[in-house]
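See below for final.pdb, which holds PDB, C-alpha atoms.
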MODEL        1
ATOM      1  CA  MET A   1      48.132 -16.294 123.322
ATOM      2  CA  SER A   2      51.458 -15.675 121.550
ATOM      3  CA  THR A   3      51.671 -15.547 117.762
ATOM      4  CA  VAL A   4      53.622 -18.816 117.650
ATOM      5  CA  GLY A   5      51.075 -20.467 119.917
ATOM      6  CA  LEU A   6      48.228 -19.191 117.724
ATOM      7  CA  ILE A   7      49.856 -20.555 114.561
ATOM      8  CA  ALA A   8      50.503 -23.880 116.290
ATOM      9  CA  LEU A   9      46.848 -24.049 117.362
ATOM     10  CA  ILE A  10      45.605 -23.375 113.824
ATOM     11  CA  LEU A  11      48.030 -25.899 112.284
ATOM     12  CA  THR A  12      47.289 -28.677 114.750
ATOM     13  CA  SER A  13      43.528 -28.219 114.493
ATOM     14  CA  THR A  14      43.770 -28.162 110.699
ATOM     15  CA  LEU A  15      45.792 -31.383 110.694
ATOM     16  CA  VAL A  16      43.269 -33.146 112.954
ATOM     17  CA  TYR A  17      40.354 -32.353 110.636
ATOM     18  CA  SER A  18      42.338 -32.821 107.420
ATOM     19  CA  THR A  19      43.719 -36.304 108.076
ATOM     20  CA  PRO A  20      40.474 -38.261 107.452
ATOM     21  CA  LEU A  21      39.832 -36.153 104.352
ATOM     22  CA  ILE A  22      43.359 -36.721 102.987
ATOM     23  CA  LEU A  23      43.176 -40.502 103.283
ATOM     24  CA  THR A  24      39.636 -40.744 101.886
ATOM     25  CA  ALA A  25      40.414 -38.385  98.996
ATOM     26  CA  LEU A  26      43.474 -40.496  98.153
ATOM     27  CA  GLY A  27      41.258 -43.587  98.167
ATOM     28  CA  GLY A  28      38.848 -41.899  95.794
ATOM     29  CA  THR A  29      41.754 -40.987  93.535
ATOM     30  CA  PHE A  30      42.852 -44.619  93.231
ATOM     31  CA  SER A  31      39.308 -45.724  92.426
ATOM     32  CA  GLU A  32      38.631 -43.048  89.845
ATOM     33  CA  ARG A  33      42.050 -43.451  88.253
ATOM     34  CA  SER A  34      40.974 -47.038  87.544
ATOM     35  CA  GLY A  35      37.767 -45.779  85.919
ATOM     36  CA  ILE A  36      35.359 -46.540  88.768
ATOM     37  CA  VAL A  37      33.533 -43.516  90.151
ATOM     38  CA  ASN A  38      33.196 -44.053  93.882
ATOM     39  CA  VAL A  39      30.518 -41.841  95.411
ATOM     40  CA  GLY A  40      30.260 -44.406  98.207
ATOM     41  CA  LEU A  41      33.217 -42.915 100.105
ATOM     42  CA  GLU A  42      30.818 -41.528 102.711
ATOM     43  CA  GLY A  43      29.414 -44.987 103.434
ATOM     44  CA  ILE A  44      32.892 -46.514 103.532
ATOM     45  CA  MET A  45      33.962 -43.900 106.097
ATOM     46  CA  VAL A  46      30.871 -44.709 108.184
ATOM     47  CA  MET A  47      31.741 -48.399 108.336
ATOM     48  CA  GLY A  48      35.381 -47.596 109.091
ATOM     49  CA  ALA A  49      34.281 -45.378 111.981
ATOM     50  CA  PHE A  50      31.805 -47.969 113.268
ATOM     51  CA  SER A  51      34.266 -50.862 113.230
ATOM     52  CA  ALA A  52      37.069 -48.797 114.777
ATOM     53  CA  VAL A  53      34.925 -47.628 117.693
ATOM     54  CA  VAL A  54      33.546 -51.110 118.373
ATOM     55  CA  PHE A  55      37.066 -52.552 118.247
ATOM     56  CA  ASN A  56      38.385 -49.780 120.485
ATOM     57  CA  LEU A  57      35.684 -50.386 123.098
ATOM     58  CA  SER A  58      36.165 -54.167 122.948
ATOM     59  CA  MET A  59      39.969 -54.373 123.002
ATOM     60  CA  ALA A  60      41.047 -51.363 125.061
ATOM     61  CA  ASP A  61      41.824 -53.474 128.133
ATOM     62  CA  GLN A  62      43.996 -55.879 126.129
ATOM     63  CA  LEU A  63      45.867 -53.470 123.841
ATOM     64  CA  GLY A  64      46.041 -50.312 125.945
ATOM     65  CA  ALA A  65      47.506 -47.286 124.180
ATOM     66  CA  TRP A  66      47.956 -49.285 120.965
ATOM     67  CA  THR A  67      44.179 -49.758 120.636
ATOM     68  CA  PRO A  68      43.384 -46.738 118.394
ATOM     69  CA  TRP A  69      46.267 -47.562 116.058
ATOM     70  CA  VAL A  70      45.192 -51.163 115.608
ATOM     71  CA  ALA A  71      41.593 -49.935 115.263
ATOM     72  CA  ILE A  72      42.674 -47.817 112.275
ATOM     73  CA  LEU A  73      43.812 -51.013 110.536
ATOM     74  CA  VAL A  74      40.543 -52.713 111.494
ATOM     75  CA  GLY A  75      38.615 -49.788 110.033
ATOM     76  CA  GLY A  76      40.664 -50.069 106.845
ATOM     77  CA  GLY A  77      39.958 -53.805 106.614
ATOM     78  CA  VAL A  78      36.214 -53.291 107.028
ATOM     79  CA  GLY A  79      36.408 -50.516 104.437
ATOM     80  CA  VAL A  80      37.937 -53.007 101.988
ATOM     81  CA  LEU A  81      35.116 -55.483 102.608
ATOM     82  CA  PHE A  82      32.454 -52.792 102.218
ATOM     83  CA  SER A  83      34.013 -51.375  99.062
ATOM     84  CA  LEU A  84      33.954 -54.890  97.626
ATOM     85  CA  LEU A  85      30.167 -54.483  97.298
ATOM     86  CA  HIS A  86      30.706 -51.462  95.055
ATOM     87  CA  ALA A  87      33.420 -53.261  93.096
ATOM     88  CA  VAL A  88      31.322 -56.348  92.440
ATOM     89  CA  ALA A  89      28.279 -54.272  91.488
ATOM     90  CA  THR A  90      30.103 -51.968  89.075
ATOM     91  CA  ILE A  91      32.867 -54.179  87.657
ATOM     92  CA  SER A  92      31.355 -57.663  87.620
ATOM     93  CA  PHE A  93      27.653 -56.799  87.281
ATOM     94  CA  ARG A  94      28.181 -53.529  85.378
ATOM     95  CA  ALA A  95      25.835 -51.517  87.572
ATOM     96  CA  ASP A  96      25.670 -47.756  87.301
ATOM     97  CA  HIS A  97      28.481 -46.343  89.414
ATOM     98  CA  ILE A  98      26.417 -43.517  90.908
ATOM     99  CA  ILE A  99      23.530 -45.765  91.886
ATOM    100  CA  SER A 100      25.838 -48.369  93.423
ATOM    101  CA  GLY A 101      27.707 -45.734  95.426
ATOM    102  CA  THR A 102      24.442 -44.178  96.580
ATOM    103  CA  VAL A 103      23.244 -47.564  97.820
ATOM    104  CA  VAL A 104      26.488 -47.916  99.798
ATOM    105  CA  ASN A 105      25.952 -44.482 101.326
ATOM    106  CA  LEU A 106      22.355 -45.229 102.266
ATOM    107  CA  MET A 107      23.082 -48.680 103.649
ATOM    108  CA  ALA A 108      26.102 -47.883 105.839
ATOM    109  CA  PRO A 109      24.544 -45.570 108.483
ATOM    110  CA  ALA A 110      21.458 -47.766 108.856
ATOM    111  CA  LEU A 111      23.589 -50.907 109.147
ATOM    112  CA  GLY A 112      25.920 -49.254 111.661
ATOM    113  CA  VAL A 113      23.086 -48.063 113.916
ATOM    114  CA  PHE A 114      21.338 -51.446 113.666
ATOM    115  CA  LEU A 115      24.498 -53.274 114.724
ATOM    116  CA  ILE A 116      25.048 -50.816 117.586
ATOM    117  CA  LYS A 117      21.529 -51.536 118.829
ATOM    118  CA  VAL A 118      22.207 -55.273 118.609
ATOM    119  CA  LEU A 119      25.553 -55.007 120.394
ATOM    120  CA  TYR A 120      24.844 -52.313 123.000
ATOM    121  CA  GLN A 121      21.010 -52.040 123.089
ATOM    122  CA  LYS A 122      21.136 -48.272 122.478
ATOM    123  CA  GLY A 123      21.446 -45.791 119.644
ATOM    124  CA  GLN A 124      25.105 -44.890 120.048
ATOM    125  CA  THR A 125      28.230 -46.276 121.653
ATOM    126  CA  ASP A 126      29.956 -45.093 124.805
ATOM    127  CA  ASN A 127      32.950 -42.804 124.413
ATOM    128  CA  ILE A 128      36.183 -44.628 123.704
ATOM    129  CA  SER A 129      38.820 -44.889 126.426
ATOM    130  CA  TYR A 130      41.855 -44.476 124.178
ATOM    131  CA  ASN A 131      41.905 -41.894 121.401
ATOM    132  CA  LEU A 132      44.685 -40.862 119.030
ATOM    133  CA  GLY A 133      45.590 -37.811 121.098
ATOM    134  CA  TYR A 134      48.580 -35.583 120.490
ATOM    135  CA  PHE A 135      52.248 -36.376 119.988
ATOM    136  CA  SER A 136      55.532 -34.513 120.347
ATOM    137  CA  PHE A 137      58.488 -35.544 118.204
ATOM    138  CA  PRO A 138      61.628 -36.131 120.281
ATOM    139  CA  ILE A 139      64.433 -33.628 119.602
ATOM    140  CA  LEU A 140      62.447 -31.905 116.800
ATOM    141  CA  LYS A 141      60.034 -30.387 119.322
ATOM    142  CA  ASP A 142      62.925 -28.474 120.873
ATOM    143  CA  ILE A 143      63.738 -26.531 117.677
ATOM    144  CA  PRO A 144      62.909 -22.859 118.329
ATOM    145  CA  ILE A 145      59.600 -21.675 116.800
ATOM    146  CA  ILE A 146      59.462 -24.436 114.118
ATOM    147  CA  GLY A 147      59.478 -27.158 116.744
ATOM    148  CA  THR A 148      56.612 -25.526 118.631
ATOM    149  CA  ILE A 149      54.541 -25.061 115.477
ATOM    150  CA  PHE A 150      55.131 -28.342 113.676
ATOM    151  CA  PHE A 151      56.417 -30.946 116.118
ATOM    152  CA  LYS A 152      55.065 -30.244 119.625
ATOM    153  CA  ASN A 153      51.659 -31.563 120.727
ATOM    154  CA  THR A 154      50.765 -32.244 117.129
ATOM    155  CA  PHE A 155      48.646 -34.911 115.412
ATOM    156  CA  LEU A 156      50.841 -37.834 114.389
ATOM    157  CA  PRO A 157      48.346 -39.537 111.988
ATOM    158  CA  ALA A 158      48.414 -36.348 109.882
ATOM    159  CA  TYR A 159      52.116 -36.804 109.147
ATOM    160  CA  LEU A 160      51.471 -40.430 108.251
ATOM    161  CA  ALA A 161      48.647 -39.327 105.926
ATOM    162  CA  ILE A 162      50.976 -36.835 104.208
ATOM    163  CA  LEU A 163      53.508 -39.636 103.801
ATOM    164  CA  VAL A 164      50.783 -41.842 102.293
ATOM    165  CA  ALA A 165      49.915 -39.026  99.862
ATOM    166  CA  VAL A 166      53.518 -38.797  98.667
ATOM    167  CA  LEU A 167      53.663 -42.585  98.397
ATOM    168  CA  ALA A 168      50.372 -42.616  96.453
ATOM    169  CA  TRP A 169      51.733 -40.010  94.022
ATOM    170  CA  TYR A 170      54.829 -42.148  93.467
ATOM    171  CA  ILE A 171      52.769 -45.316  92.959
ATOM    172  CA  ILE A 172      50.361 -43.706  90.486
ATOM    173  CA  TYR A 173      52.913 -41.797  88.415
ATOM    174  CA  LYS A 174      56.202 -43.663  88.805
ATOM    175  CA  THR A 175      55.423 -47.380  88.997
ATOM    176  CA  ARG A 176      54.228 -50.004  86.528
ATOM    177  CA  PHE A 177      51.151 -50.622  88.686
ATOM    178  CA  GLY A 178      50.243 -46.935  88.552
ATOM    179  CA  LEU A 179      50.775 -46.738  84.800
ATOM    180  CA  ARG A 180      48.487 -49.719  84.251
ATOM    181  CA  LEU A 181      45.923 -48.385  86.710
ATOM    182  CA  ARG A 182      45.772 -45.090  84.846
ATOM    183  CA  SER A 183      45.610 -46.841  81.486
ATOM    184  CA  VAL A 184      42.478 -48.824  82.421
ATOM    185  CA  GLY A 185      40.910 -45.573  83.608
ATOM    186  CA  GLU A 186      41.716 -43.743  80.391
ATOM    187  CA  ASN A 187      41.261 -46.370  77.688
ATOM    188  CA  PRO A 188      40.379 -49.856  78.939
ATOM    189  CA  GLN A 189      40.065 -51.287  75.423
ATOM    190  CA  ALA A 190      43.624 -50.286  74.543
ATOM    191  CA  ALA A 191      44.895 -51.528  77.898
ATOM    192  CA  ASP A 192      43.193 -54.880  77.339
ATOM    193  CA  THR A 193      44.783 -55.123  73.904
ATOM    194  CA  LEU A 194      48.187 -54.798  75.578
ATOM    195  CA  GLY A 195      47.404 -57.720  77.877
ATOM    196  CA  ILE A 196      46.435 -55.726  80.970
ATOM    197  CA  ASN A 197      43.684 -57.319  83.045
ATOM    198  CA  VAL A 198      41.227 -54.422  83.229
ATOM    199  CA  TYR A 199      38.964 -56.065  85.791
ATOM    200  CA  LYS A 200      41.850 -56.881  88.143
ATOM    201  CA  PHE A 201      43.188 -53.338  88.142
ATOM    202  CA  ARG A 202      39.730 -51.839  88.610
ATOM    203  CA  TYR A 203      39.118 -54.125  91.574
ATOM    204  CA  ALA A 204      42.486 -53.044  92.975
ATOM    205  CA  GLY A 205      41.577 -49.370  92.626
ATOM    206  CA  VAL A 206      38.224 -49.757  94.386
ATOM    207  CA  LEU A 207      39.627 -51.923  97.192
ATOM    208  CA  ILE A 208      42.435 -49.424  97.849
ATOM    209  CA  SER A 209      39.777 -46.732  98.084
ATOM    210  CA  GLY A 210      37.983 -48.892 100.652
ATOM    211  CA  LEU A 211      41.179 -49.355 102.667
ATOM    212  CA  LEU A 212      42.023 -45.651 102.794
ATOM    213  CA  GLY A 213      38.391 -44.539 103.236
ATOM    214  CA  GLY A 214      37.900 -46.964 106.118
ATOM    215  CA  MET A 215      41.089 -45.711 107.757
ATOM    216  CA  GLY A 216      39.865 -42.149 107.298
ATOM    217  CA  GLY A 217      36.588 -42.957 109.044
ATOM    218  CA  ALA A 218      38.441 -44.746 111.852
ATOM    219  CA  ILE A 219      40.709 -41.740 112.445
ATOM    220  CA  PHE A 220      37.765 -39.332 112.440
ATOM    221  CA  ALA A 221      35.856 -41.394 115.008
ATOM    222  CA  GLN A 222      38.880 -41.804 117.287
ATOM    223  CA  SER A 223      40.114 -38.232 117.170
ATOM    224  CA  ILE A 224      37.068 -36.003 116.727
ATOM    225  CA  SER A 225      33.772 -37.698 117.637
ATOM    226  CA  GLY A 226      35.036 -40.192 120.267
ATOM    227  CA  ASN A 227      32.066 -42.511 119.744
ATOM    228  CA  PHE A 228      29.814 -43.823 116.983
ATOM    229  CA  SER A 229      26.267 -42.820 116.133
ATOM    230  CA  ALA A 230      24.241 -42.098 113.003
ATOM    231  CA  GLY A 231      25.675 -38.573 112.989
ATOM    232  CA  THR A 232      29.359 -39.430 113.376
ATOM    233  CA  ILE A 233      30.183 -39.150 109.679
ATOM    234  CA  VAL A 234      28.085 -36.424 108.091
ATOM    235  CA  GLY A 235      29.410 -35.185 104.786
ATOM    236  CA  GLN A 236      33.124 -35.944 105.253
ATOM    237  CA  GLY A 237      33.054 -38.487 102.417
ATOM    238  CA  PHE A 238      31.513 -35.963 100.047
ATOM    239  CA  ILE A 239      34.009 -33.306 101.128
ATOM    240  CA  SER A 240      36.766 -35.821 100.333
ATOM    241  CA  MET A 241      35.297 -36.267  96.856
ATOM    242  CA  ALA A 242      35.363 -32.510  96.399
ATOM    243  CA  ALA A 243      39.007 -32.497  97.523
ATOM    244  CA  MET A 244      39.798 -35.186  94.972
ATOM    245  CA  ILE A 245      38.161 -33.153  92.188
ATOM    246  CA  PHE A 246      39.719 -29.886  93.418
ATOM    247  CA  GLY A 247      43.071 -31.686  93.371
ATOM    248  CA  LYS A 248      42.463 -32.857  89.801
ATOM    249  CA  TRP A 249      42.760 -36.566  90.681
ATOM    250  CA  ASN A 250      46.381 -36.029  91.685
ATOM    251  CA  PRO A 251      47.305 -37.392  95.159
ATOM    252  CA  LEU A 252      49.325 -34.321  96.094
ATOM    253  CA  GLY A 253      46.612 -31.998  94.790
ATOM    254  CA  ALA A 254      43.975 -33.945  96.708
ATOM    255  CA  MET A 255      46.095 -33.658  99.851
ATOM    256  CA  GLY A 256      46.400 -29.899  99.453
ATOM    257  CA  ALA A 257      42.661 -29.529  98.898
ATOM    258  CA  ALA A 258      41.935 -31.735 101.926
ATOM    259  CA  LEU A 259      44.142 -29.480 104.070
ATOM    260  CA  PHE A 260      42.127 -26.508 102.848
ATOM    261  CA  PHE A 261      38.804 -28.150 103.731
ATOM    262  CA  GLY A 262      40.252 -29.353 107.040
ATOM    263  CA  PHE A 263      41.168 -25.777 107.890
ATOM    264  CA  ALA A 264      37.609 -24.691 107.049
ATOM    265  CA  GLN A 265      36.188 -27.403 109.318
ATOM    266  CA  SER A 266      38.501 -26.515 112.174
ATOM    267  CA  LEU A 267      37.355 -22.872 112.178
ATOM    268  CA  SER A 268      34.112 -23.817 113.915
ATOM    269  CA  ILE A 269      36.187 -25.199 116.822
ATOM    270  CA  ILE A 270      39.011 -22.681 117.158
ATOM    271  CA  GLY A 271      37.311 -19.662 115.583
ATOM    272  CA  ALA A 272      36.481 -18.115 118.960
ATOM    273  CA  GLN A 273      40.211 -17.848 119.699
ATOM    274  CA  LEU A 274      41.167 -16.196 116.403
ATOM    275  CA  PRO A 275      41.163 -12.453 115.734
ATOM    276  CA  VAL A 276      38.499 -11.309 113.227
ATOM    277  CA  ILE A 277      37.183 -14.872 112.842
ATOM    278  CA  SER A 278      35.774 -14.716 116.390
ATOM    279  CA  SER A 279      33.329 -12.017 115.269
ATOM    280  CA  ILE A 280      31.715 -14.349 112.709
ATOM    281  CA  PRO A 281      28.576 -16.122 114.005
ATOM    282  CA  PRO A 282      29.400 -19.757 114.920
ATOM    283  CA  VAL A 283      26.627 -21.124 112.719
ATOM    284  CA  LEU A 284      28.312 -19.596 109.663
ATOM    285  CA  LEU A 285      31.621 -21.237 110.606
ATOM    286  CA  GLN A 286      29.859 -24.579 110.995
ATOM    287  CA  ILE A 287      28.375 -24.478 107.508
ATOM    288  CA  ALA A 288      31.550 -23.039 105.937
ATOM    289  CA  PRO A 289      33.087 -26.423 104.917
ATOM    290  CA  TYR A 290      29.876 -27.553 103.210
ATOM    291  CA  LEU A 291      29.392 -24.192 101.545
ATOM    292  CA  LEU A 292      32.984 -24.317 100.266
ATOM    293  CA  THR A 293      32.390 -27.854  99.011
ATOM    294  CA  VAL A 294      29.403 -26.723  96.954
ATOM    295  CA  ILE A 295      31.330 -23.747  95.599
ATOM    296  CA  VAL A 296      34.312 -25.907  94.640
ATOM    297  CA  LEU A 297      32.106 -28.459  92.913
ATOM    298  CA  VAL A 298      30.270 -25.734  90.979
ATOM    299  CA  LEU A 299      33.474 -23.985  89.933
ATOM    300  CA  PHE A 300      35.718 -26.943  89.209
ATOM    301  CA  LEU A 301      33.550 -29.986  88.384
ATOM    302  CA  GLY A 302      32.760 -28.718  84.920
ATOM    303  CA  LYS A 303      36.299 -27.586  84.164
ATOM    304  CA  ALA A 304      38.247 -30.449  85.729
ATOM    305  CA  SER A 305      38.761 -33.414  83.436
ATOM    306  CA  GLY A 306      38.910 -36.742  85.199
ATOM    307  CA  PRO A 307      39.919 -40.105  83.719
ATOM    308  CA  LYS A 308      38.261 -40.460  80.304
ATOM    309  CA  ALA A 309      36.749 -43.864  81.053
ATOM    310  CA  GLY A 310      35.559 -42.828  84.499
ATOM    311  CA  GLY A 311      32.048 -44.088  85.193
ATOM    312  CA  LYS A 312      31.987 -46.295  82.098
ATOM    313  CA  ASN A 313      31.611 -50.035  82.489
ATOM    314  CA  TYR A 314      34.009 -52.190  80.494
ATOM    315  CA  ILE A 315      32.775 -55.211  78.571
ATOM    316  CA  LYS A 316      35.641 -57.348  77.337
ATOM    317  CA  SER A 317      33.820 -58.864  74.376
ATOM    318  CA  LYS A 318      33.123 -55.452  72.781
TER     319      LYS A 318
ENDMDL
END

For the file at hand, write its structure as structure tokens.
Amino acid sequence: MSTVGLIALILTSTLVYSTPLILTALGGTFSERSGIVNVGLEGIMVMGAFSAVVFNLSMADQLGAWTPWVAILVGGGVGVLFSLLHAVATISFRADHIISGTVVNLMAPALGVFLIKVLYQKGQTDNISYNLGYFSFPILKDIPIIGTIFFKNTFLPAYLAILVAVLAWYIIYKTRFGLRLRSVGENPQAADTLGINVYKFRYAGVLISGLLGGMGGAIFAQSISGNFSAGTIVGQGFISMAAMIFGKWNPLGAMGAALFFGFAQSLSIIGAQLPVISSIPPVLLQIAPYLLTVIVLVLFLGKASGPKAGGKNYIKSK
């Protein structure tokens, strides 16, 4: 394989594995910027993956090649509904954020498998007919070297996820909504004094995290696993949380960290084709992303400073 082809292979594989992590990490950033710790990202991704696969299998004949794209929106919508449980528990009923998120994580896989058994009378779905596949940009793919690496047979949702990351950065740091969202995550009492509805903005943050997390799960299921089972989403939500922390709750930082973890995940697939890496036992490459996640959390969780009111329930009367 030529050097350009090798670089293109590494980049494309990295983008495939990074895209779900980017979107879910961005969702976590919105939630935590509002002051709500969302450890339920894993469960939200599970429900996004479940709903996307079921929709894909049910509507493939009607929608054709558009099916996986519409399924991403369906996954995002289900993610919003599922994240509403976490929002109601933590914002309205003032439950502990960690416990609520853990319940979401525990409930989602069991609920998904139960519904699959009800719908298909078996433990996992069939493989989907239409997946997200690869895409070549017209004209751009013909640029020498750069076109082959970045724009030929690449993963289109990754470019959309990068665009969402830039848009998220602009919303959080350059808009009135973002300023108010950050204010309720830093000092909700002061924000309330200024007339900002703390509960409304915290709900918005959690629901956005559900939208992006559900879309992340939908993309993972339709590009990597190809079906849904109890083992479809295993740790990607937690890796996204690590990316959010590694990125210091900044959308662009979270995106960069997600690309790093995506590259680590892709090594187990393309490692056999890479010099030096091919000599590493496959089992070590498979555990590399999780090992890196633990290392990042140990090294950065204590040093990184998230929103000051993160994880703290707000009571308006006090």

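Once segment 137-145 of chain A and its same-chain neighbours fewer than 6 positions away are set aside, Val4, Phe151, Lys152, Asn153, Thr154 and Leu156 of chain A remain within 9 Å of it when counting only C-alpha atoms.
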
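Around Gly256 of chain A, within 12 Å and counting only C-alpha atoms, the residues found are Thr14, Leu15, Ser18, Thr19, Leu21, Ile22, Leu23, Ala25, Leu26, Ala161, Ile162, Ala165, Val166, Ser240, Ala242, Ala243, Met244, Ile245, Phe246, Gly247, Lys248, Trp249, Asn250, Pro251, Phe261, Gly262 and Phe263 of chain A, once anything fewer than 5 positions away on its own chain is removed.
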
Please report, as a tab-separated table, each residue of segment 214-233 of chain A lying at most 6 Å from segment 67-76 of chain A, together with the nearest pair of atoms and the separation in Å rounded to one decimal; use all atoms listed in the file, and order rows by chain and ascending residue number.
residue	atom	partner	partner_atom	distance
A:Gly214	CA	A:Gly76	CA	4.2
A:Met215	CA	A:Gly76	CA	4.5
A:Ala218	CA	A:Ile72	CA	5.2

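Distances from A:Ala257, A:Leu81, A:Leu252, A:Ile99 to Tyr203 of chain A were compared using all atoms listed in the file, and the smallest one belongs to A:Leu81.
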
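The residue set within 10 Å of Ser92 of chain A, counting all atoms listed in the file and dropping same-chain residues fewer than 4 places from it, reads His86, Ala87, Val88, Tyr199, Tyr203, Asn313, Tyr314 and Ile315 of chain A.
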
Atomic separation - atom CA of Phe135 of chain A relative to atom CA of Ser268 of chain A, Å = 22.9 Å

request  = Would you mind listing what lies within 10 Å of Leu132 of chain A as a ChimeraX atom specification, with all atoms listed in the file counted and same-chain residues fewer than 5 positions away left out?
outcome  = /A:16,65-69,72,155-157,219-224,226

task = Between atom CA of Met241 of chain A and atom CA of Glu42 of chain A, measure the distance and give it in Å to one decimal.
result =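 Atom CA of Glu42 of chain A lies 9.1 Å from atom CA of Met241 of chain A.
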
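You will find atom CA of Ile98 of chain A at 16.3 Å from atom CA of Gly205 of chain A.
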
inquiry  = When you count all atoms listed in the file, which of these residues is closest to Gly64 of chain A: A:Ile128, A:Ile146, A:Ser305, A:Trp169?
reply    =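 Among the listed residues, A:Ile128 lies closest to Gly64 of chain A.
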
Who sits within 8 Å of segment 229-231 of chain A, only C-alpha atoms, same chain under 4 positions skipped, as a list in words = Pro109, Ala110, Gly112, Val113, Gly123, Gln124 and Thr125 of chain A

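Using all atoms listed in the file for every distance, the candidate list A:Ser279, A:Thr12, A:Gln121, A:Thr3 yields A:Thr12 as the residue closest to Tyr134 of chain A.
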
ask   = In terms of the shortest atom-to-atom distance over all atoms listed in the file, which of A:Ala108, A:Val118, A:Leu285, A:Val37 is closest to Ala272 of chain A?
value = A:Leu285

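Residue nearest Leu84 of chain A, chosen from A:Met1, A:Val206, A:Ala8, A:Val283 and counting all atoms listed in the file: A:Val206.
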
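Closest approach to Leu297 of chain A among A:Ile44, A:Leu6, A:Lys316, A:Ile239 is made by A:Ile239 (distances from all atoms listed in the file).
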
Residues matched by the PyMOL selection byres ((chain A and resi 185) around 9) as a list in words =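 With the shown file as input, the PyMOL selection byres ((chain A and resi 185) around 9) matches Ser31, Glu32, Arg33, Ser34, Gly35, Ile36, Arg180, Leu181, Arg182, Ser183, Val184, Glu186, Asn187, Pro188, Val198, Arg202, Pro307, Lys308, Ala309 and Gly310 of chain A.
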
Would you save the residues of that selection, restricted to C-alpha atoms, as a PDB file, in the coordinates of the input?
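Output below, filename part39.pdb:
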ATOM      1  CA  SER A  31      39.308 -45.724  92.426  1.00  0.00           C
ATOM      2  CA  GLU A  32      38.631 -43.048  89.845  1.00  0.00           C
ATOM      3  CA  ARG A  33      42.050 -43.451  88.253  1.00  0.00           C
ATOM      4  CA  SER A  34      40.974 -47.038  87.544  1.00  0.00           C
ATOM      5  CA  GLY A  35      37.767 -45.779  85.919  1.00  0.00           C
ATOM      6  CA  ILE A  36      35.359 -46.540  88.768  1.00  0.00           C
ATOM      7  CA  ARG A 180      48.487 -49.719  84.251  1.00  0.00           C
ATOM      8  CA  LEU A 181      45.923 -48.385  86.710  1.00  0.00           C
ATOM      9  CA  ARG A 182      45.772 -45.090  84.846  1.00  0.00           C
ATOM     10  CA  SER A 183      45.610 -46.841  81.486  1.00  0.00           C
ATOM     11  CA  VAL A 184      42.478 -48.824  82.421  1.00  0.00           C
ATOM     12  CA  GLU A 186      41.716 -43.743  80.391  1.00  0.00           C
ATOM     13  CA  ASN A 187      41.261 -46.370  77.688  1.00  0.00           C
ATOM     14  CA  PRO A 188      40.379 -49.856  78.939  1.00  0.00           C
ATOM     15  CA  VAL A 198      41.227 -54.422  83.229  1.00  0.00           C
ATOM     16  CA  ARG A 202      39.730 -51.839  88.610  1.00  0.00           C
ATOM     17  CA  PRO A 307      39.919 -40.105  83.719  1.00  0.00           C
ATOM     18  CA  LYS A 308      38.261 -40.460  80.304  1.00  0.00           C
ATOM     19  CA  ALA A 309      36.749 -43.864  81.053  1.00  0.00           C
ATOM     20  CA  GLY A 310      35.559 -42.828  84.499  1.00  0.00           C
TER      21      GLY A 310
END

ask   = Do you know which residues the PyMOL selection byres ((chain A and resi 287) around 12) returns on this file, as an MDAnalysis selection string?
value = chainID A and resid 234:235 261 264:268 280:286 288:294

request  = Return as number ranges by chain the set of residues that the PyMOL selection byres ((chain A and resi 129) around 8) yields on the displayed structure.
outcome  = A: 56-57, 60, 127-128, 130-131

Take the residues from that selection and put them in a file with C-alpha atoms, as an mmCIF file, in the frame of the given file.
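Output file again09.cif is given in full below:
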data_model
loop_
_atom_site.group_PDB
_atom_site.id
_atom_site.type_symbol
_atom_site.label_atom_id
_atom_site.label_comp_id
_atom_site.auth_asym_id
_atom_site.auth_seq_id
_atom_site.Cartn_x
_atom_site.Cartn_y
_atom_site.Cartn_z
ATOM 1 C CA ASN A 56 38.385 -49.780 120.485
ATOM 2 C CA LEU A 57 35.684 -50.386 123.098
ATOM 3 C CA ALA A 60 41.047 -51.363 125.061
ATOM 4 C CA ASN A 127 32.950 -42.804 124.413
ATOM 5 C CA ILE A 128 36.183 -44.628 123.704
ATOM 6 C CA TYR A 130 41.855 -44.476 124.178
ATOM 7 C CA ASN A 131 41.905 -41.894 121.401
#
